[in-house]
Amino acid sequence: MINTVHVSHVGRVRQVNEDSVLIRQLEHGYTLGIVADGMGGHLAGDTASRLAVQTVAEDLSSLEPEISMDGLRSVLGDAILHANEVIYREASTDERLHNMGTTIVAVLLRDCEGYIGHIGDSRAYKVSAGQVTRLTDDHTLVNELFKSGQITEEELESHPRKNVLIRALGTDVDVSVELSPVALAAGEVLLLCSDGLSNPVSRELIGQIVGSPDLPLEDKADRLLQLALLAGGDDNITVALFEHQEEAAGNVQRGGIHDRT
């Protein structure tokens with residue numbers, strides 16, 4: 001079974017939370033999770049991330065049973081592309097929303113395996129026995145500079161243009177979605193997050209918290225959130241966790257969103 005929890009916080013600096021998050025248990029054993037980090041100003045960013053989450057969730061709300069892995073990849077990718085169309089159209093028809101866009105990282109699981117789709121710099125990690133594996137590649141200018149050897153990994157982390165995206169949802173008519181398979185073994189945790197967590201909190205700390213066997217899943221999410229706030233809370237912070245637990249362990253599936261100020 002998959003236990004889930006999600007938390008979101010406006011942070012200590014921003015006036016509006018432009019992140020949107022959803023986790024939903026669907027029929028036939030599917031689990032859907034989405035984190036989106038909006039941009040374009042407070043109304044526009046909030047609108048873009050909300051439209052992304054709503055569109056993907058509506059498109060995937062009623063899936064046939066026993067869809068193949070290729071089928072999961074296809075329906076997730078199509079839903080994200082549809083969200084791109086919706087956001088771009090809204091931005092084109094409302095001057096207040098001009099140039100709005102959002103990142104997105106989404107997972108669609110059938111039982112304990114499925115696909116991750118993402119655009120932008122919101123991330124997915126898998127944590128197994130405290131070891132953290134990053135599952136997504138940032139669509140940012142500095143990451144392209146790093147991959148081409150123009151800057152070092154240390155420079156990447158402190159570069160002044162670190163947050164410049166080269167790919168986002170809703171800013172262009174056409175966009176390419178990165179899709180990658182994921183599977184969770186018993187005890188493993190999938191983390192989806194906005195850069196309000198991944199920028200200030202190191203991978204090592206994420207591994208320590210999420211990999212702790214004594215912490216309930218809700219406490220793990222809360223502690224990650226508190227670490228980001230203690231590091232300054234300069235951005236909105238969103239965390240979504242998916243934990244594979246054996247049903248025989250007697251754990252009850254829990255989930256929710258907690259907005260704290």
# chains A, B, ... in the order shown; residues from 1 in each chain; ligands from 1
>>> residues_around(residues="A:Val201", least_positions_apart="4", cutoff="9 Å", atoms="only C-alpha atoms", output="PyMOL selection string")
chain A and resi 196-197+205-206+224+227-228+231
>>> write_last_selection(atoms="all heavy atoms", output="PDB file, in the first residue's frame")
ATOM      1  N   GLY A 196      11.545  25.485  -3.162  1.00  0.00           N
ATOM      2  CA  GLY A 196      11.582  26.057  -1.830  1.00  0.00           C
ATOM      3  C   GLY A 196      12.121  25.089  -0.794  1.00  0.00           C
ATOM      4  O   GLY A 196      12.595  25.502   0.272  1.00  0.00           O
ATOM      5  N   LEU A 197      12.078  23.795  -1.107  1.00  0.00           N
ATOM      6  CA  LEU A 197      12.737  22.788  -0.258  1.00  0.00           C
ATOM      7  C   LEU A 197      14.105  22.419  -0.803  1.00  0.00           C
ATOM      8  O   LEU A 197      15.095  22.425  -0.064  1.00  0.00           O
ATOM      9  CB  LEU A 197      11.889  21.522  -0.161  1.00  0.00           C
ATOM     10  CG  LEU A 197      12.576  20.406   0.646  1.00  0.00           C
ATOM     11  CD1 LEU A 197      12.504  20.684   2.134  1.00  0.00           C
ATOM     12  CD2 LEU A 197      11.976  19.031   0.332  1.00  0.00           C
ATOM     13  N   LEU A 205      20.524  16.001   4.322  1.00  0.00           N
ATOM     14  CA  LEU A 205      19.503  16.223   5.354  1.00  0.00           C
ATOM     15  C   LEU A 205      18.170  15.598   4.959  1.00  0.00           C
ATOM     16  O   LEU A 205      17.464  15.040   5.801  1.00  0.00           O
ATOM     17  CB  LEU A 205      19.325  17.719   5.606  1.00  0.00           C
ATOM     18  CG  LEU A 205      20.337  18.377   6.543  1.00  0.00           C
ATOM     19  CD1 LEU A 205      20.128  19.889   6.586  1.00  0.00           C
ATOM     20  CD2 LEU A 205      20.254  17.786   7.943  1.00  0.00           C
ATOM     21  N   ILE A 206      17.836  15.700   3.685  1.00  0.00           N
ATOM     22  CA  ILE A 206      16.611  15.057   3.209  1.00  0.00           C
ATOM     23  C   ILE A 206      16.670  13.555   3.487  1.00  0.00           C
ATOM     24  O   ILE A 206      15.708  12.955   3.977  1.00  0.00           O
ATOM     25  CB  ILE A 206      16.403  15.327   1.709  1.00  0.00           C
ATOM     26  CG1 ILE A 206      16.030  16.801   1.483  1.00  0.00           C
ATOM     27  CG2 ILE A 206      15.318  14.414   1.134  1.00  0.00           C
ATOM     28  CD1 ILE A 206      15.969  17.213   0.026  1.00  0.00           C
ATOM     29  N   LEU A 224      10.878  18.354   7.200  1.00  0.00           N
ATOM     30  CA  LEU A 224      11.450  18.930   5.981  1.00  0.00           C
ATOM     31  C   LEU A 224      11.002  20.378   5.821  1.00  0.00           C
ATOM     32  O   LEU A 224      11.800  21.258   5.484  1.00  0.00           O
ATOM     33  CB  LEU A 224      11.029  18.109   4.765  1.00  0.00           C
ATOM     34  CG  LEU A 224      11.628  16.707   4.631  1.00  0.00           C
ATOM     35  CD1 LEU A 224      11.030  15.999   3.419  1.00  0.00           C
ATOM     36  CD2 LEU A 224      13.143  16.751   4.527  1.00  0.00           C
ATOM     37  N   LEU A 227      12.865  22.576   8.275  1.00  0.00           N
ATOM     38  CA  LEU A 227      14.258  22.798   7.850  1.00  0.00           C
ATOM     39  C   LEU A 227      14.334  23.903   6.808  1.00  0.00           C
ATOM     40  O   LEU A 227      15.228  24.754   6.849  1.00  0.00           O
ATOM     41  CB  LEU A 227      14.850  21.508   7.286  1.00  0.00           C
ATOM     42  CG  LEU A 227      15.282  20.442   8.292  1.00  0.00           C
ATOM     43  CD1 LEU A 227      15.699  19.176   7.564  1.00  0.00           C
ATOM     44  CD2 LEU A 227      16.438  20.946   9.171  1.00  0.00           C
ATOM     45  N   ALA A 228      13.399  23.902   5.853  1.00  0.00           N
ATOM     46  CA  ALA A 228      13.395  24.950   4.827  1.00  0.00           C
ATOM     47  C   ALA A 228      13.108  26.310   5.446  1.00  0.00           C
ATOM     48  O   ALA A 228      13.707  27.323   5.052  1.00  0.00           O
ATOM     49  CB  ALA A 228      12.365  24.615   3.746  1.00  0.00           C
ATOM     50  N   ALA A 231      16.133  27.577   7.262  1.00  0.00           N
ATOM     51  CA  ALA A 231      17.164  28.016   6.314  1.00  0.00           C
ATOM     52  C   ALA A 231      16.845  29.378   5.703  1.00  0.00           C
ATOM     53  O   ALA A 231      17.605  29.885   4.878  1.00  0.00           O
ATOM     54  CB  ALA A 231      17.340  26.986   5.209  1.00  0.00           C
TER      55      ALA A 231
END
>>> closest_atom_pairs(of="stretch 1-55 of chain A", to="stretch 90-93 of chain A", cutoff="10 Å", atoms="only C-alpha atoms", output="tab-separated table")
residue	atom	partner	partner_atom	distance
A:Ala44	CA	A:Ala91	CA	8.3
A:Thr47	CA	A:Glu90	CA	9.3
A:Ala48	CA	A:Ala91	CA	8.7
A:Leu51	CA	A:Glu90	CA	9.4
>>> write_last_selection(atoms="all heavy atoms", output="compact mmCIF listing (two decimals), in the first residue's frame")
# COMPACT_ATOMS: atom_id res chain seq x y z
N ALA A 44 -0.82 35.68 -11.31
CA ALA A 44 -0.50 34.80 -12.45
C ALA A 44 0.10 33.48 -11.99
O ALA A 44 -0.28 32.41 -12.47
CB ALA A 44 0.45 35.52 -13.41
N THR A 47 -2.46 31.28 -10.32
CA THR A 47 -3.41 30.77 -11.31
C THR A 47 -2.78 29.65 -12.14
O THR A 47 -3.41 28.62 -12.39
CB THR A 47 -3.88 31.90 -12.24
OG1 THR A 47 -4.53 32.92 -11.46
CG2 THR A 47 -4.85 31.39 -13.28
N ALA A 48 -1.54 29.85 -12.57
CA ALA A 48 -0.89 28.85 -13.42
C ALA A 48 -0.72 27.52 -12.69
O ALA A 48 -1.02 26.45 -13.25
CB ALA A 48 0.47 29.38 -13.89
N LEU A 51 -4.18 25.86 -12.21
CA LEU A 51 -4.69 25.28 -13.46
C LEU A 51 -3.95 23.99 -13.83
O LEU A 51 -4.56 23.04 -14.34
CB LEU A 51 -4.57 26.29 -14.59
CG LEU A 51 -5.56 27.46 -14.59
CD1 LEU A 51 -5.18 28.47 -15.68
CD2 LEU A 51 -6.99 26.96 -14.79
>>> residues_around(residues="stretch 233-244 of chain A", least_positions_apart="6", cutoff="9 Å", atoms="only C-alpha atoms", output="PyMOL selection string")
chain A and resi 1-14+16-23+33-37+112+184-197+200+210+217-218+220-222+224-227
>>> residues_around(residues="stretch 168-175 of chain A", least_positions_apart="4", cutoff="10 Å", atoms="only C-alpha atoms", output="MDAnalysis selection string")
chainID A and resid 36:40 48:49 51:52 80:92 98:104 118:121 139:140
>>> residues_around(residues="A:Asn143", least_positions_apart="3", cutoff="12 Å", atoms="only C-alpha atoms", output="list in words")
Gly120, Asp121, Thr136, Asp137, Asp138, His139, Thr140, Phe146, Lys147, Ser148, Gly149, Gln150, Ile151, Thr152, Glu153, Glu154, Glu155, Leu156, Glu157, Ser158, His159, Arg161, Lys162, Asn163, Val164, Leu165, Ile166 and Arg167 of chain A
>>> residues_around(residues="A:Gly77", least_positions_apart="2", cutoff="9 Å", atoms="only C-alpha atoms", output="list in words")
Leu72, Arg73, Ser74, Val75, Ala79, Ile80, Leu81, His82, Gly117, Val177, Glu178 and Leu179 of chain A
>>> select_by_dssp(residues="stretch 95-251 of chain A", states="strand (DSSP E or B)", output="MDAnalysis selection string")
chainID A and resid 101:102 104:110 113:119 123:128 131:134 140 165 169 178:183 189:193 237:244
>>> atom_distance(atom1="atom CA of A:Thr55", atom2="atom CA of A:Asp70")
21.0 Å
>>> closest_residue(among="A:Lys126, A:Arg134, A:His28, A:Arg203", to="A:Ala183", atoms="only C-alpha atoms")
A:Lys126
